[in-house]
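Structure file coords-v3.cif; described as mmCIF, C-alpha atoms.
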data_start
#
loop_
_atom_site.label_atom_id
_atom_site.label_comp_id
_atom_site.auth_asym_id
_atom_site.auth_seq_id
_atom_site.Cartn_x
_atom_site.Cartn_y
_atom_site.Cartn_z
CA MET A 1 -16.26 47.07 -81.33
CA ALA A 2 -16.69 43.44 -80.27
CA PRO A 3 -18.00 42.74 -76.77
CA THR A 4 -15.23 42.29 -74.24
CA GLN A 5 -17.30 40.11 -71.95
CA ARG A 6 -20.36 37.88 -71.90
CA ILE A 7 -22.38 37.67 -68.70
CA THR A 8 -24.93 34.88 -68.29
CA THR A 9 -24.80 34.41 -64.51
CA LYS A 10 -25.06 36.75 -61.54
CA ASN A 11 -21.33 37.23 -61.27
CA ALA A 12 -19.53 39.96 -59.32
CA ARG A 13 -19.76 42.50 -62.11
CA PHE A 14 -23.49 41.99 -62.55
CA GLN A 15 -23.95 42.45 -58.81
CA GLN A 16 -21.98 45.70 -58.90
CA TRP A 17 -24.30 47.08 -61.56
CA GLN A 18 -27.37 45.76 -59.77
CA ALA A 19 -26.29 47.62 -56.62
CA LEU A 20 -26.31 50.90 -58.57
CA LEU A 21 -30.11 50.66 -58.77
CA THR A 22 -30.68 50.84 -55.02
CA ASN A 23 -27.46 51.81 -53.26
CA ARG A 24 -26.71 55.53 -53.36
CA ASN A 25 -23.33 55.13 -51.65
CA LYS A 26 -22.17 52.68 -54.30
CA ARG A 27 -23.30 55.04 -57.05
CA GLN A 28 -21.27 57.77 -55.43
CA ARG A 29 -18.17 55.66 -54.91
CA SER A 30 -18.15 54.34 -58.47
CA ARG A 31 -19.59 57.56 -59.95
CA GLU A 32 -21.83 55.43 -62.16
CA PHE A 33 -25.55 55.00 -62.76
CA LEU A 34 -27.69 53.01 -65.20
CA VAL A 35 -29.73 54.44 -68.08
CA GLN A 36 -32.14 52.72 -70.46
CA GLY A 37 -34.38 53.84 -73.30
CA VAL A 38 -33.78 55.19 -76.80
CA ARG A 39 -34.50 58.84 -76.02
CA PRO A 40 -32.44 59.14 -72.80
CA ILE A 41 -29.42 57.36 -74.29
CA ASN A 42 -29.61 59.40 -77.50
CA ILE A 43 -29.81 62.69 -75.60
CA ALA A 44 -26.93 61.64 -73.34
CA ILE A 45 -24.76 60.96 -76.39
CA GLU A 46 -25.82 64.20 -78.12
CA ARG A 47 -24.94 66.19 -75.00
CA GLY A 48 -21.59 64.49 -74.56
CA TRP A 49 -22.22 62.55 -71.37
CA PRO A 50 -19.47 59.96 -70.78
CA ILE A 51 -20.65 56.37 -71.24
CA ARG A 52 -18.47 53.76 -69.57
CA THR A 53 -20.17 50.56 -70.75
CA LEU A 54 -23.00 49.47 -73.05
CA ILE A 55 -24.77 46.28 -71.97
CA PHE A 56 -26.91 44.55 -74.59
CA ASP A 57 -29.11 41.50 -75.04
CA VAL A 58 -26.98 38.55 -76.14
CA ARG A 59 -29.82 36.33 -77.41
CA HIS A 60 -32.43 38.44 -79.19
CA GLN A 61 -32.25 40.24 -82.51
CA LEU A 62 -31.41 43.88 -81.85
CA SER A 63 -33.14 46.83 -83.53
CA GLY A 64 -31.41 49.01 -86.06
CA TRP A 65 -31.05 51.70 -83.40
CA ALA A 66 -29.29 49.33 -80.99
CA LEU A 67 -27.00 47.91 -83.68
CA ASP A 68 -26.05 51.40 -84.82
CA LEU A 69 -25.42 52.49 -81.22
CA LEU A 70 -23.09 49.56 -80.63
CA ARG A 71 -21.32 50.13 -83.93
CA THR A 72 -20.69 53.85 -83.46
CA THR A 73 -20.08 54.20 -79.70
CA ARG A 74 -16.47 53.41 -78.87
CA VAL A 75 -16.83 52.13 -75.33
CA GLU A 76 -16.70 48.77 -73.58
CA GLN A 77 -19.57 46.50 -74.65
CA VAL A 78 -20.95 43.60 -72.62
CA ALA A 79 -23.34 40.93 -73.95
CA MET A 80 -25.76 39.82 -71.22
CA ALA A 81 -28.44 37.15 -70.84
CA PRO A 82 -31.92 38.71 -71.25
CA ASP A 83 -33.18 37.62 -67.82
CA LEU A 84 -30.26 39.41 -66.16
CA LEU A 85 -30.72 42.45 -68.41
CA ALA A 86 -34.39 42.55 -67.35
CA GLU A 87 -33.28 42.68 -63.70
CA LEU A 88 -30.99 45.62 -64.40
CA GLY A 89 -33.84 47.25 -66.30
CA GLU A 90 -36.16 46.63 -63.30
CA LYS A 91 -38.67 44.91 -65.56
CA ASP A 92 -40.60 41.72 -64.86
CA GLU A 93 -40.91 40.65 -68.49
CA ASP A 94 -39.27 42.24 -71.50
CA ALA A 95 -35.64 43.22 -71.04
CA PRO A 96 -34.43 46.53 -72.48
CA GLU A 97 -32.30 46.13 -75.60
CA VAL A 98 -29.46 48.20 -74.22
CA ILE A 99 -28.49 49.63 -70.84
CA ALA A 100 -25.82 52.30 -70.62
CA VAL A 101 -23.54 52.62 -67.62
CA MET A 102 -23.11 56.39 -67.39
CA GLU A 103 -20.60 58.50 -65.50
CA ILE A 104 -21.93 60.86 -62.80
CA PRO A 105 -20.67 64.41 -63.44
CA ASP A 106 -19.27 66.74 -60.79
CA ASP A 107 -21.77 68.62 -58.63
CA ASP A 108 -20.46 71.98 -59.80
CA LEU A 109 -22.82 74.97 -59.86
CA GLY A 110 -20.65 76.34 -62.66
CA ARG A 111 -22.38 73.83 -64.95
CA ILE A 112 -25.50 76.05 -64.74
CA LYS A 113 -25.11 79.11 -66.97
CA VAL A 114 -26.48 82.38 -65.61
CA SER A 115 -27.42 85.19 -68.01
CA GLY A 116 -29.82 88.12 -68.05
CA ASP A 117 -32.59 85.69 -68.99
CA PHE A 118 -31.70 83.13 -66.34
CA LEU A 119 -34.40 80.82 -64.99
CA GLY A 120 -33.42 78.17 -62.48
CA VAL A 121 -35.20 75.84 -60.07
CA LEU A 122 -34.05 74.82 -56.62
CA PHE A 123 -35.79 71.80 -55.07
CA ASP A 124 -35.35 71.89 -51.29
CA ARG A 125 -34.87 68.46 -49.64
CA PRO A 126 -37.12 66.38 -51.92
CA THR A 127 -37.90 62.93 -50.62
CA SER A 128 -39.24 61.38 -53.83
CA PRO A 129 -36.83 60.57 -56.67
CA GLY A 130 -39.81 60.47 -59.02
CA ASN A 131 -40.60 64.09 -58.13
CA ILE A 132 -37.00 65.08 -58.80
CA GLY A 133 -37.20 63.57 -62.28
CA ALA A 134 -40.57 65.22 -62.93
CA VAL A 135 -39.24 68.66 -61.89
CA ILE A 136 -36.21 68.25 -64.16
CA ARG A 137 -38.52 67.31 -67.04
CA SER A 138 -40.75 70.36 -66.48
CA ALA A 139 -37.76 72.67 -66.07
CA ASP A 140 -36.39 71.44 -69.39
CA ALA A 141 -39.78 71.80 -71.11
CA PHE A 142 -40.24 75.41 -69.98
CA GLY A 143 -36.78 76.67 -70.82
CA ALA A 144 -35.00 76.67 -67.46
CA ASP A 145 -31.21 76.82 -67.37
CA GLY A 146 -30.71 74.30 -64.59
CA VAL A 147 -31.99 72.53 -61.50
CA ILE A 148 -30.43 72.49 -58.04
CA VAL A 149 -31.31 69.77 -55.52
CA ALA A 150 -30.48 71.07 -52.06
CA GLY A 151 -30.01 69.56 -48.64
CA HIS A 152 -30.60 66.03 -47.41
CA ALA A 153 -32.58 64.73 -50.37
CA ALA A 154 -33.42 61.81 -52.60
CA ASP A 155 -30.78 61.16 -55.25
CA VAL A 156 -30.84 62.71 -58.72
CA TYR A 157 -29.25 59.49 -60.06
CA ASP A 158 -31.72 57.09 -58.48
CA SER A 159 -33.21 54.97 -61.27
CA LYS A 160 -36.71 56.33 -60.53
CA ALA A 161 -35.50 59.92 -60.94
CA VAL A 162 -33.63 59.10 -64.13
CA ARG A 163 -36.68 57.41 -65.68
CA ALA A 164 -39.07 60.18 -64.58
CA SER A 165 -36.89 62.80 -66.27
CA THR A 166 -37.42 60.99 -69.64
CA GLY A 167 -34.00 62.12 -70.85
CA SER A 168 -34.17 65.72 -69.61
CA LEU A 169 -31.53 64.93 -66.96
CA PHE A 170 -29.01 64.82 -69.80
CA ALA A 171 -30.24 68.02 -71.45
CA LEU A 172 -30.43 70.22 -68.36
CA PRO A 173 -27.61 70.74 -65.83
CA THR A 174 -28.73 69.32 -62.49
CA VAL A 175 -26.51 69.87 -59.46
CA ARG A 176 -26.71 68.57 -55.89
CA VAL A 177 -25.65 70.90 -53.04
CA PRO A 178 -25.56 70.13 -49.30
CA ALA A 179 -26.89 73.46 -48.02
CA ALA A 180 -28.00 76.99 -48.89
CA ARG A 181 -24.59 78.56 -48.35
CA GLU A 182 -23.06 77.18 -51.56
CA VAL A 183 -25.97 78.45 -53.61
CA MET A 184 -25.91 81.93 -52.10
CA VAL A 185 -22.14 82.28 -52.66
CA TRP A 186 -22.72 81.28 -56.30
CA LEU A 187 -25.62 83.74 -56.67
CA GLU A 188 -23.74 86.60 -55.02
CA ALA A 189 -20.86 86.10 -57.46
CA HIS A 190 -23.26 86.47 -60.39
CA ARG A 191 -24.97 89.44 -58.78
CA ALA A 192 -21.61 91.13 -58.28
CA ALA A 193 -20.85 90.49 -61.95
CA GLY A 194 -24.00 92.36 -62.97
CA THR A 195 -26.79 89.74 -63.15
CA PRO A 196 -29.42 90.64 -60.51
CA VAL A 197 -30.83 87.16 -59.84
CA ARG A 198 -33.94 87.21 -57.64
CA VAL A 199 -34.75 84.30 -55.34
CA VAL A 200 -38.49 83.57 -55.46
CA GLY A 201 -39.97 81.08 -53.02
CA THR A 202 -43.27 79.25 -53.47
CA ASP A 203 -45.72 78.66 -50.63
CA GLU A 204 -49.49 78.44 -50.21
CA HIS A 205 -49.23 81.43 -47.84
CA GLY A 206 -47.07 83.53 -50.18
CA GLU A 207 -47.64 87.29 -50.18
CA VAL A 208 -48.57 87.61 -53.87
CA ASP A 209 -50.23 85.47 -56.54
CA ILE A 210 -47.74 84.04 -58.99
CA PHE A 211 -49.33 85.72 -62.03
CA ASP A 212 -49.09 89.14 -60.32
CA PHE A 213 -45.33 88.85 -59.83
CA ASP A 214 -42.79 89.70 -62.54
CA LEU A 215 -40.80 86.58 -63.44
CA THR A 216 -39.22 87.98 -66.60
CA GLY A 217 -35.91 88.92 -64.94
CA PRO A 218 -33.19 86.49 -63.89
CA THR A 219 -34.91 84.24 -61.35
CA LEU A 220 -34.19 81.26 -59.13
CA LEU A 221 -37.47 79.55 -58.17
CA LEU A 222 -37.58 77.69 -54.85
CA ILE A 223 -39.73 74.54 -54.52
CA GLY A 224 -40.17 73.07 -51.05
CA ASN A 225 -40.09 69.57 -49.64
CA GLU A 226 -43.18 67.49 -50.43
CA THR A 227 -44.56 67.51 -46.87
CA LYS A 228 -42.79 70.34 -45.01
CA GLY A 229 -42.41 72.94 -47.73
CA LEU A 230 -39.43 75.29 -47.82
CA SER A 231 -37.02 75.28 -44.90
CA SER A 232 -36.81 78.39 -42.72
CA SER A 233 -33.36 79.19 -44.10
CA TRP A 234 -34.66 79.36 -47.67
CA ARG A 235 -37.70 81.38 -46.61
CA GLU A 236 -35.36 83.94 -45.06
CA LEU A 237 -33.14 84.04 -48.14
CA ALA A 238 -36.03 84.46 -50.60
CA ASP A 239 -36.51 87.95 -52.02
CA GLN A 240 -40.22 87.20 -52.47
CA MET A 241 -42.66 84.46 -51.50
CA VAL A 242 -45.41 83.77 -54.05
CA ARG A 243 -48.46 81.51 -54.08
CA ILE A 244 -50.38 79.57 -56.70
CA PRO A 245 -54.07 80.54 -56.44
CA MET A 246 -56.23 77.45 -56.05
CA GLY A 247 -59.93 76.63 -55.83
CA GLY A 248 -61.68 73.43 -54.91
CA SER A 249 -61.04 71.42 -51.76
CA ALA A 250 -57.30 70.77 -52.34
CA SER A 251 -55.13 72.67 -49.88
CA SER A 252 -51.89 72.20 -51.79
CA LEU A 253 -50.30 70.75 -54.91
CA ASN A 254 -47.79 67.94 -55.33
CA ALA A 255 -44.32 69.53 -55.37
CA ALA A 256 -43.65 68.54 -58.98
CA ASN A 257 -47.05 69.87 -60.06
CA ALA A 258 -46.41 73.15 -58.24
CA ALA A 259 -43.03 73.48 -59.93
CA THR A 260 -44.65 72.88 -63.31
CA ALA A 261 -47.30 75.55 -62.70
CA VAL A 262 -44.72 78.16 -61.64
CA LEU A 263 -42.36 77.29 -64.52
CA TYR A 264 -45.24 77.58 -66.98
CA GLU A 265 -46.12 81.04 -65.64
CA ALA A 266 -42.49 82.16 -65.90
CA ALA A 267 -42.32 80.89 -69.50
CA ARG A 268 -45.67 82.51 -70.35
CA GLN A 269 -44.54 85.89 -69.03
CA ARG A 270 -41.28 85.72 -70.96
CA ILE A 271 -42.99 84.75 -74.22
CA ALA A 272 -45.46 87.63 -73.77
CA ARG A 273 -42.59 90.06 -73.08
CA ASP A 274 -40.72 88.93 -76.20
CA ARG A 275 -43.84 89.28 -78.34
CA ARG A 276 -44.44 92.83 -77.10
CA SER A 277 -40.87 93.81 -77.93
CA ARG A 278 -41.08 92.71 -81.58
#

Rendering of file as structure tokens:
Amino acid sequence: MAPTQRITTKNARFQQWQALLTNRNKRQRSREFLVQGVRPINIAIERGWPIRTLIFDVRHQLSGWALDLLRTTRVEQVAMAPDLLAELGEKDEDAPEVIAVMEIPDDDLGRIKVSGDFLGVLFDRPTSPGNIGAVIRSADAFGADGVIVAGHAADVYDSKAVRASTGSLFALPTVRVPAAREVMVWLEAHRAAGTPVRVVGTDEHGEVDIFDFDLTGPTLLLIGNETKGLSSSWRELADQMVRIPMGGSASSLNAANAATAVLYEAARQRIARDRRSR
């Protein structure tokens, strides 16, 4: 498909896309965000994420991957000057070959499938988009079924979160919810249908070490805010509070690191269970 437009100046359309990088309200109103990189774009296409526009470098020779992407993806295509493309890619020097304008999906908890082997992560009021992306990446790596970002939080579709997820955002359902009530209604529906999901909170003062607690059943792991930890409402709703044993002088872990440690332990326990049952 031939490009429908060439952009070589900072016109109104360029400014609309540029605003998506920093303005959460504009992302929400347009339901669009920007994605760059071979792996993230490939995973998005494989998983059926709607692409609205592909923006590519008008002046430089494109790679075989980029040419094939433009040839096979039947969406609007825009040829852009490399200096403007570099701005959209938030790079000082080399511009990305291609930037995809992606559609933001509905924040529907039904996107997260719950089964007898369910493992989910809820991140309570995170303030760092980079931590959100890192948690999504770890959840994907260790076999989780989805991530929930709860409360007043940084945005899942912030460019820093999207980059930090290294494509896992497109492989793993990630849903934003305003408060605990929506999550508990969703969980109670699954419990009533026969899946006994346990809510397991993490805290340095938890009652039991993480490796002494059974994480092989359907589980929703709670990860707290980077500085304040879990809110009182989530502490009250948790069926169990667990801790990560630590030595050394550190009193706590970065939230994304803590999530990774707990997800690893859940995956380790499940692999060990499956091996024993063979």

Item to complete: Can you pull out every residue within 12 Å of stretch 9-22 of chain A, counting only C-alpha atoms, but drop anything in the same chain fewer than 2 positions away, and send it as a count of residues only?
Response: 48

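The list of residues with at least one atom within 10 Å of A:Glu46, based on only C-alpha atoms and without residues fewer than 5 positions apart in the same chain, reads Pro40, Ile41, Phe170 and Ala171 of chain A.
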
Item to complete: Scan for residues within 7 Å of the point (-32.0, 67.8, -56.8) in the coordinates of the file, using all atoms listed in the file, and reply as JSON, numbers by chain.
Response: {"A": [123, 132, 147, 148, 149, 150, 155, 156, 174, 175, 176]}

Worksheet entry | Residues returned when the PyMOL selection byres ((chain A and resi 119) around 12) runs on this file, as a VMD selection string | chain A and resid 112 to 118 120 to 122 139 to 140 142 to 148 172 195 to 200 215 to 222 262 to 267 270

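The smallest atom-to-atom distance between A:Arg181 and any of A:Ala272, A:Ala153, A:Leu237, A:Ile43, using only C-alpha atoms, is found for A:Leu237.
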
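A straight line drawn from atom CA of A:Gly151 to atom CA of A:Ser231 is 9.8 Å long.
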
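Put simply, atom CA of A:Ala44 is 22.4 Å away from atom CA of A:Asn23.
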
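Across the model, the gap from atom CA of A:Ala164 to atom CA of A:Arg235 is 27.8 Å.
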
Item to complete: Name the closest residue to A:Ile223 among the candidates A:Ala192, A:Ile271, A:Ala179, A:Val135; distances are taken between atoms, counting only C-alpha atoms.
Response: A:Val135

Item to complete: Using all atoms listed in the file, pick whichever of A:Asp107, A:Gly167, A:Ala258, A:Val242 has the shortest atom-to-atom distance to A:Val183.
Response: A:Asp107

Practice prompt. Considering all atoms listed in the file, state which residue in the set A:Gly201, A:Pro173, A:Gly133, A:Gly229 is at the smallest distance from A:Ala256.
Written response: A:Gly133

Practice prompt. Select, from A:Lys228, A:Lys91, A:Arg59, A:Arg268, the residue with the minimum atom-to-atom distance to A:Glu204, counting all atoms listed in the file.
Written response: A:Lys228

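Residues surrounding A:Thr227 within 12 Å are A:Asp124, A:Arg125, A:Pro126, A:Thr127, A:Ser128, A:Asp203, A:Ser252, A:Leu253, A:Asn254, A:Ala255 [only C-alpha atoms; sequence separation below 6 positions excluded].
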
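Restricting the calculation to only C-alpha atoms, the smallest distance between A:Ile244 and any of A:Gly64, A:Gly110, A:Gly206, A:Pro105 is found for A:Gly206.
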
Using N, CA, C and O atoms, give me stretch 61-74 of chain A from the structure I just pasted, as a CSV table (one decimal), in the first residue's frame.
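After the write, result34.csv holds the following:
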chain,number,residue,atom,x,y,z
A,61,GLN,N,17.3,4.0,3.3
A,61,GLN,CA,17.0,2.6,2.9
A,61,GLN,C,16.5,1.8,4.0
A,61,GLN,O,17.1,1.7,5.1
A,62,LEU,N,15.3,1.2,3.8
A,62,LEU,CA,14.7,0.4,4.9
A,62,LEU,C,15.2,-1.0,4.8
A,62,LEU,O,15.6,-1.5,3.8
A,63,SER,N,15.2,-1.7,6.0
A,63,SER,CA,15.6,-3.1,6.1
A,63,SER,C,14.5,-4.0,5.4
A,63,SER,O,13.4,-3.6,5.2
A,64,GLY,N,14.9,-5.2,5.2
A,64,GLY,CA,14.0,-6.2,4.7
A,64,GLY,C,12.8,-6.3,5.6
A,64,GLY,O,11.6,-6.5,5.1
A,65,TRP,N,13.0,-6.3,6.9
A,65,TRP,CA,11.9,-6.4,7.8
A,65,TRP,C,10.9,-5.3,7.7
A,65,TRP,O,9.7,-5.5,7.6
A,66,ALA,N,11.4,-4.1,7.6
A,66,ALA,CA,10.5,-2.9,7.5
A,66,ALA,C,9.8,-2.9,6.1
A,66,ALA,O,8.6,-2.6,6.1
A,67,LEU,N,10.5,-3.3,5.1
A,67,LEU,CA,9.8,-3.3,3.7
A,67,LEU,C,8.7,-4.4,3.7
A,67,LEU,O,7.6,-4.2,3.2
A,68,ASP,N,9.0,-5.5,4.3
A,68,ASP,CA,8.0,-6.6,4.4
A,68,ASP,C,6.8,-6.2,5.2
A,68,ASP,O,5.6,-6.5,4.9
A,69,LEU,N,7.1,-5.5,6.4
A,69,LEU,CA,6.0,-5.0,7.2
A,69,LEU,C,5.1,-4.1,6.5
A,69,LEU,O,3.8,-4.2,6.5
A,70,LEU,N,5.7,-3.1,5.7
A,70,LEU,CA,4.9,-2.2,5.0
A,70,LEU,C,4.1,-2.8,3.8
A,70,LEU,O,3.0,-2.4,3.5
A,71,ARG,N,4.7,-3.9,3.3
A,71,ARG,CA,4.1,-4.5,2.1
A,71,ARG,C,2.9,-5.4,2.6
A,71,ARG,O,1.9,-5.5,1.9
A,72,THR,N,3.0,-6.0,3.8
A,72,THR,CA,2.0,-7.0,4.2
A,72,THR,C,0.9,-6.4,5.2
A,72,THR,O,-0.1,-7.1,5.4
A,73,THR,N,1.2,-5.3,5.8
A,73,THR,CA,0.2,-4.7,6.8
A,73,THR,C,-0.7,-3.7,6.1
A,73,THR,O,-0.2,-2.6,5.7
A,74,ARG,N,-2.0,-4.0,6.0
A,74,ARG,CA,-2.9,-3.2,5.2
A,74,ARG,C,-3.5,-2.1,6.1
A,74,ARG,O,-4.7,-2.2,6.5
